[in-house]
>>> print(open('start.cif').read())   # mmCIF, C-alpha atoms and all ligand atoms
data_data
#
loop_
_atom_site.label_atom_id
_atom_site.label_comp_id
_atom_site.auth_asym_id
_atom_site.auth_seq_id
_atom_site.Cartn_x
_atom_site.Cartn_y
_atom_site.Cartn_z
CA MET A 33 -49.23 206.26 140.86
CA THR A 34 -50.12 204.65 144.14
CA THR A 35 -53.54 203.68 142.90
CA ARG A 36 -52.16 202.38 139.62
CA TYR A 37 -49.55 200.38 141.47
CA ARG A 38 -52.13 198.87 143.76
CA VAL A 39 -54.39 197.96 140.89
CA GLU A 40 -51.51 196.34 139.00
CA TYR A 41 -50.10 194.59 142.01
CA ALA A 42 -53.02 193.69 144.20
CA LEU A 43 -55.43 192.78 141.46
CA LYS A 44 -53.23 191.45 138.73
CA THR A 45 -49.76 190.21 139.60
CA HIS A 46 -50.90 187.39 141.80
CA ARG A 47 -53.30 186.24 139.10
CA ARG A 48 -50.62 185.97 136.42
CA ASP A 49 -47.88 183.47 135.88
CA GLN A 50 -45.01 185.50 134.46
CA LEU A 51 -43.30 182.65 132.62
CA ILE A 52 -46.51 181.55 130.90
CA GLU A 53 -47.49 185.13 130.01
CA TRP A 54 -44.04 185.76 128.54
CA ILE A 55 -44.13 182.63 126.38
CA LYS A 56 -47.65 183.57 125.29
CA GLY A 57 -46.30 186.95 124.16
CA LEU A 58 -43.51 185.29 122.16
CA LEU A 59 -45.94 182.95 120.40
CA ALA A 60 -48.28 185.81 119.55
CA VAL A 61 -45.82 187.03 116.90
CA PRO A 62 -45.86 183.93 114.66
CA PHE A 63 -49.62 183.75 115.21
CA VAL A 64 -50.06 187.28 113.88
CA LEU A 65 -47.70 186.66 110.97
CA HIS A 66 -48.73 183.13 109.95
CA SER A 67 -52.34 182.49 110.87
CA GLN A 68 -54.63 183.01 107.88
CA PRO A 69 -58.04 184.21 109.09
CA THR A 70 -59.08 185.43 105.63
CA ALA A 71 -58.77 181.89 104.25
CA VAL A 72 -62.17 181.16 105.81
CA PHE A 73 -63.93 183.32 103.23
CA GLU A 74 -61.33 183.27 100.41
CA PRO A 75 -61.66 179.84 98.80
CA ASN A 76 -58.26 180.06 97.11
CA GLY A 77 -56.46 180.90 100.33
CA GLN A 78 -53.84 178.75 102.01
CA SER A 79 -55.09 175.37 103.22
CA VAL A 80 -55.10 174.63 106.94
CA ASP A 81 -52.36 172.04 106.42
CA GLN A 82 -50.05 174.46 104.61
CA MET A 83 -50.63 177.12 107.20
CA SER A 84 -50.26 174.85 110.19
CA SER A 85 -46.96 173.36 109.07
CA VAL A 86 -45.41 176.83 108.73
CA ALA A 87 -46.90 178.02 112.01
CA GLN A 88 -45.86 174.84 113.83
CA ARG A 89 -42.26 175.22 112.67
CA ARG A 90 -42.15 178.84 113.88
CA TYR A 91 -43.81 178.09 117.23
CA ALA A 92 -41.52 175.10 117.78
CA GLU A 93 -38.43 177.18 117.00
CA ILE A 94 -39.43 179.65 119.67
CA MET A 95 -40.01 176.85 122.15
CA ARG A 96 -36.53 175.53 121.36
CA ASP A 97 -35.10 179.00 122.08
CA VAL A 98 -36.93 179.18 125.42
CA GLU A 99 -35.69 175.66 126.23
CA GLU A 100 -32.13 176.89 125.68
CA LEU A 101 -32.67 179.96 127.83
CA ILE A 102 -33.83 177.63 130.61
CA ASN A 103 -30.72 175.46 130.12
CA ASP A 104 -28.61 178.59 130.44
CA HIS A 105 -30.51 179.52 133.62
CA ILE A 106 -29.86 176.03 135.03
CA ALA A 107 -26.15 176.43 134.25
CA HIS A 108 -26.23 179.71 136.18
CA GLN A 109 -28.07 177.99 139.06
CA LYS A 110 -25.28 175.41 139.25
CA ALA A 111 -22.65 178.15 139.28
CA GLY A 112 -24.56 180.07 141.97
CA THR A 113 -25.22 183.02 139.63
CA HIS A 114 -28.87 182.44 138.71
CA GLU A 115 -29.65 186.07 139.55
CA ARG A 116 -27.60 187.00 136.49
CA SER A 117 -29.09 184.68 133.90
CA LYS A 118 -30.72 186.16 130.81
CA LEU A 119 -33.99 184.44 131.72
CA LYS A 120 -33.93 186.10 135.14
CA LEU A 121 -33.51 189.50 133.46
CA LEU A 122 -36.46 188.80 131.20
CA ILE A 123 -38.70 187.27 133.91
CA PRO A 124 -37.60 188.51 137.35
CA SER A 125 -40.02 186.22 139.20
CA VAL A 126 -38.62 183.06 137.60
CA ALA A 127 -37.49 180.55 140.22
CA THR A 128 -35.44 177.37 140.35
CA PHE A 129 -35.67 174.72 137.64
CA PHE A 130 -35.02 171.21 138.93
CA THR A 131 -34.69 169.76 135.42
CA PRO A 132 -34.44 171.05 131.84
CA LEU A 133 -37.79 171.33 130.04
CA MET A 134 -38.25 169.58 126.67
CA LEU A 135 -40.31 172.47 125.32
CA HIS A 136 -39.74 171.86 121.63
CA ASP A 137 -40.82 168.21 121.69
CA ALA A 138 -43.62 168.97 124.14
CA PHE A 139 -45.01 171.65 121.84
CA ILE A 140 -45.17 169.20 118.91
CA TRP A 141 -46.78 166.60 121.21
CA GLN A 142 -49.50 168.98 122.42
CA ASP A 143 -49.95 170.52 118.96
CA ASN A 144 -50.77 167.07 117.60
CA ARG A 145 -53.52 166.86 120.21
CA ARG A 146 -54.76 170.45 120.50
CA PHE A 147 -54.16 171.70 116.91
CA ILE A 148 -52.71 174.96 118.15
CA SER A 149 -50.93 175.69 114.84
CA SER A 150 -54.10 175.04 112.84
CA ARG A 151 -55.99 177.85 114.51
CA ARG A 152 -56.67 180.97 112.49
CA PHE A 153 -58.48 183.09 115.05
CA VAL A 154 -57.41 181.98 118.52
CA PRO A 155 -53.73 182.47 119.39
CA PRO A 156 -51.77 180.12 121.67
CA SER A 157 -53.49 180.57 125.02
CA PHE A 158 -52.54 180.42 128.67
CA ASN A 159 -53.96 176.90 128.88
CA ASP A 160 -52.12 175.73 125.74
CA ILE A 161 -48.83 176.87 127.25
CA ARG A 162 -49.61 175.52 130.71
CA LEU A 163 -50.21 172.09 129.16
CA VAL A 164 -47.07 172.30 127.00
CA LEU A 165 -45.07 173.09 130.14
CA ASN A 166 -46.59 170.07 131.93
CA THR A 167 -45.73 167.78 129.01
CA ALA A 168 -42.21 169.26 128.81
CA GLN A 169 -41.77 168.55 132.50
CA VAL A 170 -42.92 164.95 132.40
CA MET A 171 -40.88 164.30 129.21
CA SER A 172 -37.82 165.48 131.04
CA LEU A 173 -38.59 163.41 134.15
CA VAL A 174 -39.29 160.23 132.18
CA ARG A 175 -36.23 160.59 129.94
CA GLY A 176 -34.03 161.48 132.91
CA GLY A 177 -34.57 158.17 134.68
CA PRO A 178 -37.19 156.73 136.96
CA LEU A 179 -39.74 159.12 138.38
CA GLU A 180 -39.25 158.32 142.05
CA LEU A 181 -42.00 160.29 143.78
CA VAL A 182 -45.28 161.83 142.66
CA THR A 183 -47.19 163.97 145.14
CA PHE A 184 -50.79 164.92 144.51
CA ASP A 185 -52.91 167.72 145.85
CA GLY A 186 -56.45 166.52 146.78
CA ASP A 187 -59.30 168.92 145.95
CA VAL A 188 -59.63 169.73 142.22
CA THR A 189 -56.56 167.57 141.44
CA LEU A 190 -57.77 164.07 142.36
CA TYR A 191 -61.47 164.82 142.90
CA ASP A 192 -63.83 167.76 142.51
CA ASP A 193 -63.67 170.51 145.10
CA GLY A 194 -64.89 169.30 148.50
CA GLN A 195 -65.59 165.77 147.20
CA CYS A 196 -63.98 162.43 148.01
CA LEU A 197 -61.89 159.89 146.12
CA HIS A 198 -64.65 157.39 145.26
CA PRO A 199 -63.88 153.84 144.03
CA GLU A 200 -64.87 154.67 140.42
CA ASN A 201 -62.39 157.58 140.20
CA PRO A 202 -60.33 157.01 137.01
CA ALA A 203 -57.17 158.29 138.74
CA ILE A 204 -57.07 155.15 140.92
CA PRO A 205 -55.86 152.58 138.33
CA ARG A 206 -53.41 155.18 137.04
CA ILE A 207 -51.91 155.77 140.49
CA LEU A 208 -51.68 152.01 141.04
CA ARG A 209 -49.89 151.71 137.69
CA LEU A 210 -47.30 154.26 138.88
CA MET A 211 -46.91 152.33 142.13
CA ALA A 212 -46.43 149.06 140.27
CA ASN A 213 -43.41 150.73 138.61
CA GLY A 214 -41.98 151.47 142.04
CA THR A 215 -42.92 155.16 142.12
CA LYS A 216 -43.70 156.45 145.62
CA ILE A 217 -46.91 158.41 146.14
CA GLY A 218 -47.68 161.26 148.53
CA ILE A 219 -51.09 162.88 148.85
CA VAL A 220 -50.18 166.38 150.03
CA THR A 221 -53.43 168.10 150.90
CA ALA A 222 -54.41 171.14 152.91
CA ALA A 223 -57.25 169.19 154.45
CA GLY A 224 -56.11 169.00 158.06
CA TYR A 225 -57.47 166.25 160.32
CA THR A 226 -55.86 164.56 163.30
CA GLU A 227 -57.57 161.18 162.84
CA ALA A 228 -56.91 158.55 160.18
CA ARG A 229 -60.68 157.99 159.90
CA ARG A 230 -61.26 161.41 158.32
CA TYR A 231 -58.61 160.83 155.66
CA TYR A 232 -60.02 157.37 154.99
CA GLU A 233 -63.43 159.00 154.40
CA ARG A 234 -61.89 161.38 151.83
CA LEU A 235 -59.56 158.88 150.12
CA TYR A 236 -61.24 155.49 150.62
CA GLY A 237 -61.50 154.63 146.91
CA LEU A 238 -57.74 154.66 146.50
CA LEU A 239 -56.97 153.08 149.88
CA ASP A 240 -59.42 150.19 149.36
CA ALA A 241 -58.11 149.61 145.82
CA LEU A 242 -54.52 149.56 147.04
CA GLN A 243 -55.46 147.10 149.78
CA ALA A 244 -57.22 144.82 147.28
CA SER A 245 -54.45 145.03 144.69
CA ASP A 246 -51.89 142.27 144.20
CA LEU A 247 -48.96 144.64 144.71
CA PRO A 248 -46.35 143.33 147.14
CA LEU A 249 -46.69 144.77 150.64
CA THR A 250 -43.46 146.76 150.32
CA TYR A 251 -44.95 148.51 147.28
CA LYS A 252 -48.24 149.15 149.06
CA GLN A 253 -46.30 150.91 151.78
CA ASN A 254 -45.09 153.43 149.21
CA LEU A 255 -48.15 155.61 149.82
CA ILE A 256 -48.34 158.33 152.44
CA VAL A 257 -50.72 161.18 153.18
CA ILE A 258 -49.49 164.56 154.39
CA GLY A 259 -52.38 166.65 155.73
CA GLY A 260 -52.76 170.29 156.71
CA GLU A 261 -50.09 171.19 154.09
CA SER A 262 -47.26 169.80 156.26
CA ASN A 263 -48.77 169.07 159.67
CA TYR A 264 -49.90 165.43 159.77
CA CYS A 265 -48.36 162.32 158.28
CA PHE A 266 -50.15 158.99 157.78
CA LYS A 267 -48.69 155.93 156.09
CA PHE A 268 -50.56 153.09 154.42
CA GLY A 269 -51.24 150.31 156.92
CA SER A 270 -53.00 147.24 155.57
CA ASP A 271 -53.78 146.00 159.07
CA SER A 272 -55.17 149.32 160.33
CA PRO A 273 -58.96 149.70 160.39
CA ASP A 274 -58.75 152.87 158.27
CA LEU A 275 -55.83 151.57 156.19
CA LEU A 276 -53.78 154.52 157.46
CA LYS A 277 -51.45 154.75 160.42
CA LEU A 278 -50.48 158.03 162.05
CA VAL A 279 -46.72 158.58 161.91
CA PRO A 280 -45.54 160.37 165.05
CA ARG A 281 -44.11 163.83 164.30
CA LYS A 282 -40.69 162.94 165.63
CA ASP A 283 -40.39 160.28 162.92
CA TRP A 284 -40.99 162.51 159.92
CA LEU A 285 -40.48 166.20 160.75
CA LEU A 286 -37.52 167.91 159.12
CA ASP A 287 -34.96 169.51 161.42
CA GLU A 288 -36.14 173.04 160.55
CA MET A 289 -39.72 172.07 161.44
CA LEU A 290 -38.63 170.97 164.91
CA LEU A 291 -37.84 174.63 165.54
CA TRP A 292 -41.47 175.70 165.08
CA GLN A 293 -42.54 176.78 168.57
CA GLU A 294 -46.03 176.02 169.94
CA ALA A 295 -46.26 179.59 171.29
CA ASP A 296 -45.54 180.98 167.81
CA ILE A 297 -48.11 178.69 166.24
CA THR A 298 -50.79 179.91 168.64
CA GLU A 299 -49.78 183.55 168.15
CA LEU A 300 -49.86 183.30 164.37
CA LEU A 301 -53.25 181.57 164.36
CA ASP A 302 -54.61 184.19 166.82
CA ILE A 303 -53.56 187.01 164.49
CA ALA A 304 -55.01 185.20 161.49
CA GLU A 305 -58.27 184.51 163.32
CA ALA A 306 -58.65 188.16 164.36
CA SER A 307 -58.10 189.24 160.75
CA LEU A 308 -60.63 186.75 159.42
CA ARG A 309 -63.22 187.86 161.99
CA ASP A 310 -62.61 191.46 161.01
CA THR A 311 -63.16 190.69 157.34
CA ILE A 312 -66.36 188.77 158.12
CA LYS A 313 -67.65 191.85 159.91
CA ASN A 314 -66.49 194.41 157.36
CA MET A 315 -67.70 192.48 154.35
CA ARG A 316 -70.86 191.15 156.07
CA LEU A 317 -69.93 187.56 155.22
CA ASP A 318 -72.26 184.68 155.98
CA ALA A 319 -69.29 182.77 157.31
CA THR A 320 -68.20 180.66 160.27
CA VAL A 321 -64.68 180.65 161.67
CA VAL A 322 -63.09 177.21 162.05
CA ARG A 323 -60.14 177.05 164.41
CA LYS A 324 -58.01 173.92 164.43
CA GLU A 325 -54.78 172.83 166.09
CA ARG A 326 -52.68 173.92 163.08
CA ALA A 327 -55.06 176.03 160.99
CA VAL A 328 -57.78 178.64 161.03
CA GLY A 329 -60.27 179.29 158.28
CA ILE A 330 -63.67 180.57 157.27
CA ILE A 331 -66.32 178.37 155.71
CA PRO A 332 -69.85 179.28 154.57
CA GLN A 333 -72.58 179.02 157.15
CA PRO A 334 -74.90 176.03 156.66
CA GLY A 335 -77.20 176.73 153.73
CA ALA A 336 -75.24 179.86 152.76
CA HIS A 337 -74.51 180.54 149.10
CA LYS A 338 -71.14 180.58 147.38
CA PHE A 339 -68.78 183.45 148.21
CA SER A 340 -67.71 185.53 145.23
CA ARG A 341 -64.18 185.14 143.92
CA GLU A 342 -63.48 188.76 144.77
CA THR A 343 -64.55 188.28 148.40
CA LEU A 344 -62.42 185.16 148.81
CA GLU A 345 -59.37 186.84 147.28
CA GLU A 346 -59.82 190.00 149.33
CA THR A 347 -60.01 187.91 152.51
CA VAL A 348 -56.84 186.00 151.60
CA LEU A 349 -54.86 189.09 150.61
CA ILE A 350 -55.80 190.91 153.84
CA VAL A 351 -54.87 188.05 156.16
CA GLN A 352 -51.71 187.33 154.21
CA LYS A 353 -50.57 190.96 154.39
CA ILE A 354 -51.29 191.21 158.12
CA LEU A 355 -49.37 187.99 158.80
CA GLU A 356 -46.44 189.02 156.59
CA MET A 357 -46.15 192.24 158.56
CA SER A 358 -46.25 190.54 161.95
CA PRO A 359 -42.98 189.44 163.62
CA VAL A 360 -44.30 185.88 164.09
CA GLY A 361 -45.21 185.69 160.40
CA ARG A 362 -41.55 186.26 159.57
CA ARG A 363 -40.42 183.48 161.91
CA LEU A 364 -42.92 180.82 161.02
CA PRO A 365 -43.93 179.61 157.54
CA PHE A 366 -47.65 179.78 156.84
CA CYS A 367 -49.97 179.47 153.89
CA ALA A 368 -53.09 181.58 153.33
CA PHE A 369 -55.19 180.39 150.42
CA ASN A 370 -58.54 180.53 148.67
CA GLY A 371 -59.96 177.01 148.74
CA GLY A 372 -62.77 177.65 146.24
CA ASN A 373 -65.50 178.44 148.76
CA ASP A 374 -63.43 178.87 151.91
CA VAL A 375 -60.26 180.59 153.06
CA PHE A 376 -57.70 178.87 155.24
CA VAL A 377 -54.47 179.81 156.94
CA ASP A 378 -52.30 176.77 157.67
CA ILE A 379 -49.07 176.49 159.58
CA GLY A 380 -46.32 175.49 157.15
CA ASP A 381 -46.92 175.03 153.44
CA LYS A 382 -46.69 172.42 150.69
CA SER A 383 -42.95 172.91 150.16
CA TRP A 384 -42.55 171.42 153.63
CA GLY A 385 -45.16 168.78 152.84
CA VAL A 386 -43.27 167.64 149.73
CA LEU A 387 -39.88 167.82 151.48
CA ALA A 388 -41.31 165.63 154.24
CA CYS A 389 -42.41 163.02 151.66
CA GLN A 390 -38.97 163.11 150.05
CA ARG A 391 -37.36 162.55 153.41
CA PHE A 392 -39.82 159.85 154.45
CA PHE A 393 -38.87 157.81 151.39
CA GLY A 394 -35.17 158.07 152.11
CA GLY A 395 -34.13 161.39 150.56
CA ILE A 396 -35.60 161.70 147.07
CA GLU A 397 -34.35 164.68 145.04
CA GLY A 398 -36.49 167.54 143.70
CA GLY A 399 -35.52 166.58 140.14
CA LYS A 400 -36.96 163.09 140.66
CA THR A 401 -40.19 164.34 142.26
CA LEU A 402 -43.33 165.70 140.59
CA HIS A 403 -46.05 167.58 142.48
CA VAL A 404 -49.40 167.73 140.69
CA GLY A 405 -51.77 170.49 141.80
CA ASP A 406 -54.29 173.10 140.72
CA GLN A 407 -53.24 176.11 142.79
CA PHE A 408 -50.17 177.77 141.30
CA LEU A 409 -50.94 181.48 141.39
CA SER A 410 -48.43 183.38 143.48
CA ALA A 411 -50.85 184.54 146.18
CA GLY A 412 -53.86 182.81 147.65
CA ALA A 413 -52.81 179.45 146.25
CA ASN A 414 -51.32 176.56 148.17
CA ASP A 415 -49.60 174.35 145.57
CA PHE A 416 -47.36 177.25 144.49
CA LYS A 417 -44.95 176.67 147.36
CA ALA A 418 -44.30 173.09 146.23
CA ARG A 419 -42.19 174.64 143.46
CA LEU A 420 -39.52 175.25 146.09
CA ALA A 421 -39.17 171.50 146.66
CA CYS A 422 -39.63 169.78 143.30
CA THR A 423 -40.84 169.88 139.71
CA THR A 424 -44.55 170.57 139.27
CA ALA A 425 -47.47 170.09 136.90
CA TRP A 426 -50.30 172.61 136.97
CA ILE A 427 -53.61 170.98 136.18
CA ALA A 428 -57.07 172.57 136.08
CA SER A 429 -59.32 169.58 136.81
CA PRO A 430 -59.25 165.91 137.85
CA VAL A 431 -59.63 165.00 134.16
CA GLU A 432 -56.40 166.81 133.35
CA THR A 433 -54.67 164.85 136.13
CA GLN A 434 -55.81 161.60 134.49
CA GLN A 435 -54.55 162.84 131.11
CA LEU A 436 -51.20 163.75 132.65
CA LEU A 437 -50.86 160.29 134.20
CA ASP A 438 -51.68 158.74 130.82
CA GLU A 439 -49.03 160.92 129.22
CA ILE A 440 -46.47 159.69 131.75
CA ALA A 441 -47.41 156.08 130.97
CA GLU A 442 -47.23 156.70 127.21
CA LEU A 443 -43.86 158.46 127.44
CA ASP A 444 -42.59 155.74 129.74
CA ALA A 445 -43.55 153.03 127.22
CA LEU A 446 -41.79 155.00 124.45
CA GLN A 447 -38.71 155.34 126.62
CA GLN A 448 -38.68 151.59 127.44
CA ARG A 449 -38.85 150.77 123.75
CA LYS A 450 -35.94 153.10 123.03
CA THR A 451 -33.68 151.71 125.72
CA ARG A 452 -34.44 148.07 124.94
P1 LIG B 501 -56.40 170.60 148.88
O1 LIG B 501 -56.87 171.12 147.56
O2 LIG B 501 -56.32 169.10 148.90
O3 LIG B 501 -55.11 171.24 149.31
O4 LIG B 501 -57.54 170.90 149.99
C1 LIG B 501 -57.98 172.20 150.30
C2 LIG B 501 -59.31 172.18 151.01
O5 LIG B 501 -59.28 171.39 152.20
C3 LIG B 501 -59.71 173.54 151.49
O6 LIG B 501 -60.32 174.29 150.49
C4 LIG B 501 -60.69 173.23 152.62
O7 LIG B 501 -61.99 173.13 152.12
C5 LIG B 501 -60.28 171.87 153.12
N1 LIG B 501 -59.73 171.88 154.49
C6 LIG B 501 -60.15 171.11 155.49
N2 LIG B 501 -59.42 171.29 156.61
C7 LIG B 501 -58.48 172.20 156.29
C8 LIG B 501 -57.40 172.78 157.04
O8 LIG B 501 -57.15 172.48 158.21
N3 LIG B 501 -56.65 173.67 156.37
C9 LIG B 501 -56.87 173.99 155.07
N4 LIG B 501 -57.86 173.47 154.35
C10 LIG B 501 -58.67 172.57 154.94
MG MG B 502 -56.44 171.76 145.30
#
>>> encode(input="start.cif", output="structure tokens", more="lines below")
Ligand code: IMP
Ligand code: MG
Amino acid sequence: MTTRYRVEYALKTHRRDQLIEWIKGLLAVPFVLHSQPTAVFEPNGQSVDQMSSVAQRRYAEIMRDVEELINDHIAHQKAGTHERSKLKLLIPSVATFFTPLMLHDAFIWQDNRRFISSRRFVPPSFNDIRLVLNTAQVMSLVRGGPLELVTFDGDVTLYDDGQCLHPENPAIPRILRLMANGTKIGIVTAAGYTEARRYYERLYGLLDALQASDLPLTYKQNLIVIGGESNYCFKFGSDSPDLLKLVPRKDWLLDEMLLWQEADITELLDIAEASLRDTIKNMRLDATVVRKERAVGIIPQPGAHKFSRETLEETVLIVQKILEMSPVGRRLPFCAFNGGNDVFVDIGDKSWGVLACQRFFGGIEGGKTLHVGDQFLSAGANDFKARLACTTAWIASPVETQQLLDEIAELDALQQRKTR
């Protein structure tokens, strides 16, 4: 039993999203009943069009039912009884919804692009459902009034892992388009540096483009960078040499964050560092420890190869468990995550990073904020915690971020036409 439990828990649970898996299971039934794989070799079989219209109707009906279950869960949230919603019974790990999700309409929208209902051999997949959920979320945000704040993760979301935001990055005009509509922007990254220069080096394409744009200065100032998950805040400054100005902590920290003690921070990072060093030794890793003011991590030694996924995950799960079991780890929020070819433990997490952005811009609500990121698994992933602060979109590459921003623009234009 113990072994089985550990295999299920340690190796699987954190790599599954329960809501997505559950929806996938529901859609598997119409797929089994209505897809027509034999039509490929039986010339008189049902045409793709006939099949797909039946399958689409069935899939969409299920999405409508899930949408209603989520509405019921939201009603329970408002009444303070979310623990007793039917959705919670079906998916115990389900958390707070900041807005309803337009799952029915989003399914049709994605089906028209991905031809999910036309498939005879490949059932609705994890990625299909992830993208339907993203569309459902942005549909709801756009229809529910102006999208006030969008926060972006950096690596994998805006640029490839470890790269920079170069001037030719297609996300740049799309972010400027959002800003021209008055939407505030936060870059909420784990990358933790104390100097503006380092962030300029990573983000210069966007910062230079914003500086050169003809947006009014008040609009330009609607961009901030939160680094180290929730440890450093820089605002756009058109007269600063690096186009970013450090905001002193006292001007942006939330009240709860003021309670984080320096002694606790040091103690937590010491424990994390000892665990990382232990893992390096035990697993013979070609790694270097990096200790910073608010973080500790391991990175490959110069010229070293890529760590395996298993090694990175093992390292994260060990350090996370040790910290969770330590008294200081219960007092102080932290985030241990697999950064692709490194492992970092940061003080705080992205829920605090997003909350800080919301506060900086005068108190924006979670239901008017969207965080876009690539790391939404429940352990070893750092965007996951943003779900505590706002609505989210889970993308898998910078190209998907661009597509999501285009979707927002397209839905926005539709909405404008409707309300005119
Ligand atoms: P994100 O995807 O924008 O959140 O950036 C994560 C990456 O930033 C990590 O994988 C690291 O390579 C890098 N990084 C640099 N400094 C830090 C730090 O202090 N904490 C965590 N990650 C860091
Ligand atoms: Mg990332």
>>> residues_near_ligand(input="start.cif", ligand="ligand LIG 501 (chain B)", cutoff="7 Å", atoms="all atoms listed in the file", output="PyMOL selection string")
chain A and resi 185-188+194+220-225+260-261+324+326-329+370-378+414
>>> closest_residue(input="start.cif", among="A:Thr215, A:Ser150, A:Gln434, A:Gln333", to="Gln390 in chain A", atoms="only C-alpha atoms")
A:Thr215
>>> closest_residue(input="start.cif", among="A:Gly380, A:Gly218, A:Gly259, A:Gly361", to="Met289 in chain A", atoms="all atoms listed in the file")
A:Gly380
>>> closest_residue(input="start.cif", among="A:Lys313, A:Arg152, A:His136, A:Arg162", to="Phe73 in chain A", atoms="all atoms listed in the file")
A:Arg152
>>> closest_residue(input="start.cif", among="A:Glu93, A:Asp192, A:Glu305, A:Glu325", to="ligand MG 502 (chain B)", atoms="all atoms listed in the file")
A:Asp192
>>> atom_distance(input="start.cif", atom1="CA of Arg96 in chain A", atom2="CA of Gln407 in chain A")
27.2 Å
>>> atom_distance(input="start.cif", atom1="CA of Arg116 in chain A", atom2="CA of Leu133 in chain A")
19.8 Å
>>> atom_distance(input="start.cif", atom1="CA of Glu227 in chain A", atom2="CA of Leu278 in chain A")
7.8 Å
>>> residues_around(input="start.cif", residues="Ala212 in chain A", least_positions_apart="4", cutoff="8 Å", atoms="all atoms listed in the file", output="VMD selection string")
chain A and resid 208 247 251
>>> closest_residue(input="start.cif", among="A:Ala421, A:Val351, A:Leu402, A:Ile52", to="Asp381 in chain A", atoms="only C-alpha atoms")
A:Ala421
>>> closest_residue(input="start.cif", among="A:Arg419, A:Lys382, A:Arg281, A:Arg309", to="ligand MG 502 (chain B)", atoms="only C-alpha atoms and all ligand atoms")
A:Lys382
>>> residues_around(input="start.cif", residues="Ala60 in chain A", least_positions_apart="5", cutoff="10 Å", atoms="only C-alpha atoms", output="PyMOL selection string")
chain A and resi 54-55+65-66+91+154-157
>>> residues_around(input="start.cif", residues="Gln88 in chain A", least_positions_apart="3", cutoff="8 Å", atoms="only C-alpha atoms", output="compact mmCIF listing (two decimals) with C-alpha atoms, in the frame of the given file")
# COMPACT_ATOMS: atom_id res chain seq x y z
CA SER A 84 -50.26 174.85 110.19
CA SER A 85 -46.96 173.36 109.07
CA TYR A 91 -43.81 178.09 117.23
CA ALA A 92 -41.52 175.10 117.78
CA ILE A 140 -45.17 169.20 118.91
CA ASP A 143 -49.95 170.52 118.96
CA SER A 149 -50.93 175.69 114.84
>>> residues_around(input="start.cif", residues="His114 in chain A", least_positions_apart="5", cutoff="7 Å", atoms="only C-alpha atoms", output="MDAnalysis selection string")
chainID A and resid 105 108:109
>>> residues_near_point(input="start.cif", point="(-39.6, 167.2, 125.0)", cutoff="7 Å", atoms="only C-alpha atoms", output="PyMOL selection string")
chain A and resi 133-138+168+171-172
>>> residues_around(input="start.cif", residues="Leu290 in chain A", least_positions_apart="4", cutoff="12 Å", atoms="all atoms listed in the file", output="PDB file with C-alpha atoms, in the frame of the given file")
ATOM      1  CA  ASN A 263     -48.770 169.070 159.670  1.00  0.00           C
ATOM      2  CA  ARG A 281     -44.110 163.830 164.300  1.00  0.00           C
ATOM      3  CA  LYS A 282     -40.690 162.940 165.630  1.00  0.00           C
ATOM      4  CA  ASP A 283     -40.390 160.280 162.920  1.00  0.00           C
ATOM      5  CA  TRP A 284     -40.990 162.510 159.920  1.00  0.00           C
ATOM      6  CA  LEU A 285     -40.480 166.200 160.750  1.00  0.00           C
ATOM      7  CA  LEU A 286     -37.520 167.910 159.120  1.00  0.00           C
ATOM      8  CA  GLU A 294     -46.030 176.020 169.940  1.00  0.00           C
ATOM      9  CA  LEU A 364     -42.920 180.820 161.020  1.00  0.00           C
ATOM     10  CA  GLY A 380     -46.320 175.490 157.150  1.00  0.00           C
ATOM     11  CA  TRP A 384     -42.550 171.420 153.630  1.00  0.00           C
TER      12      TRP A 384
END
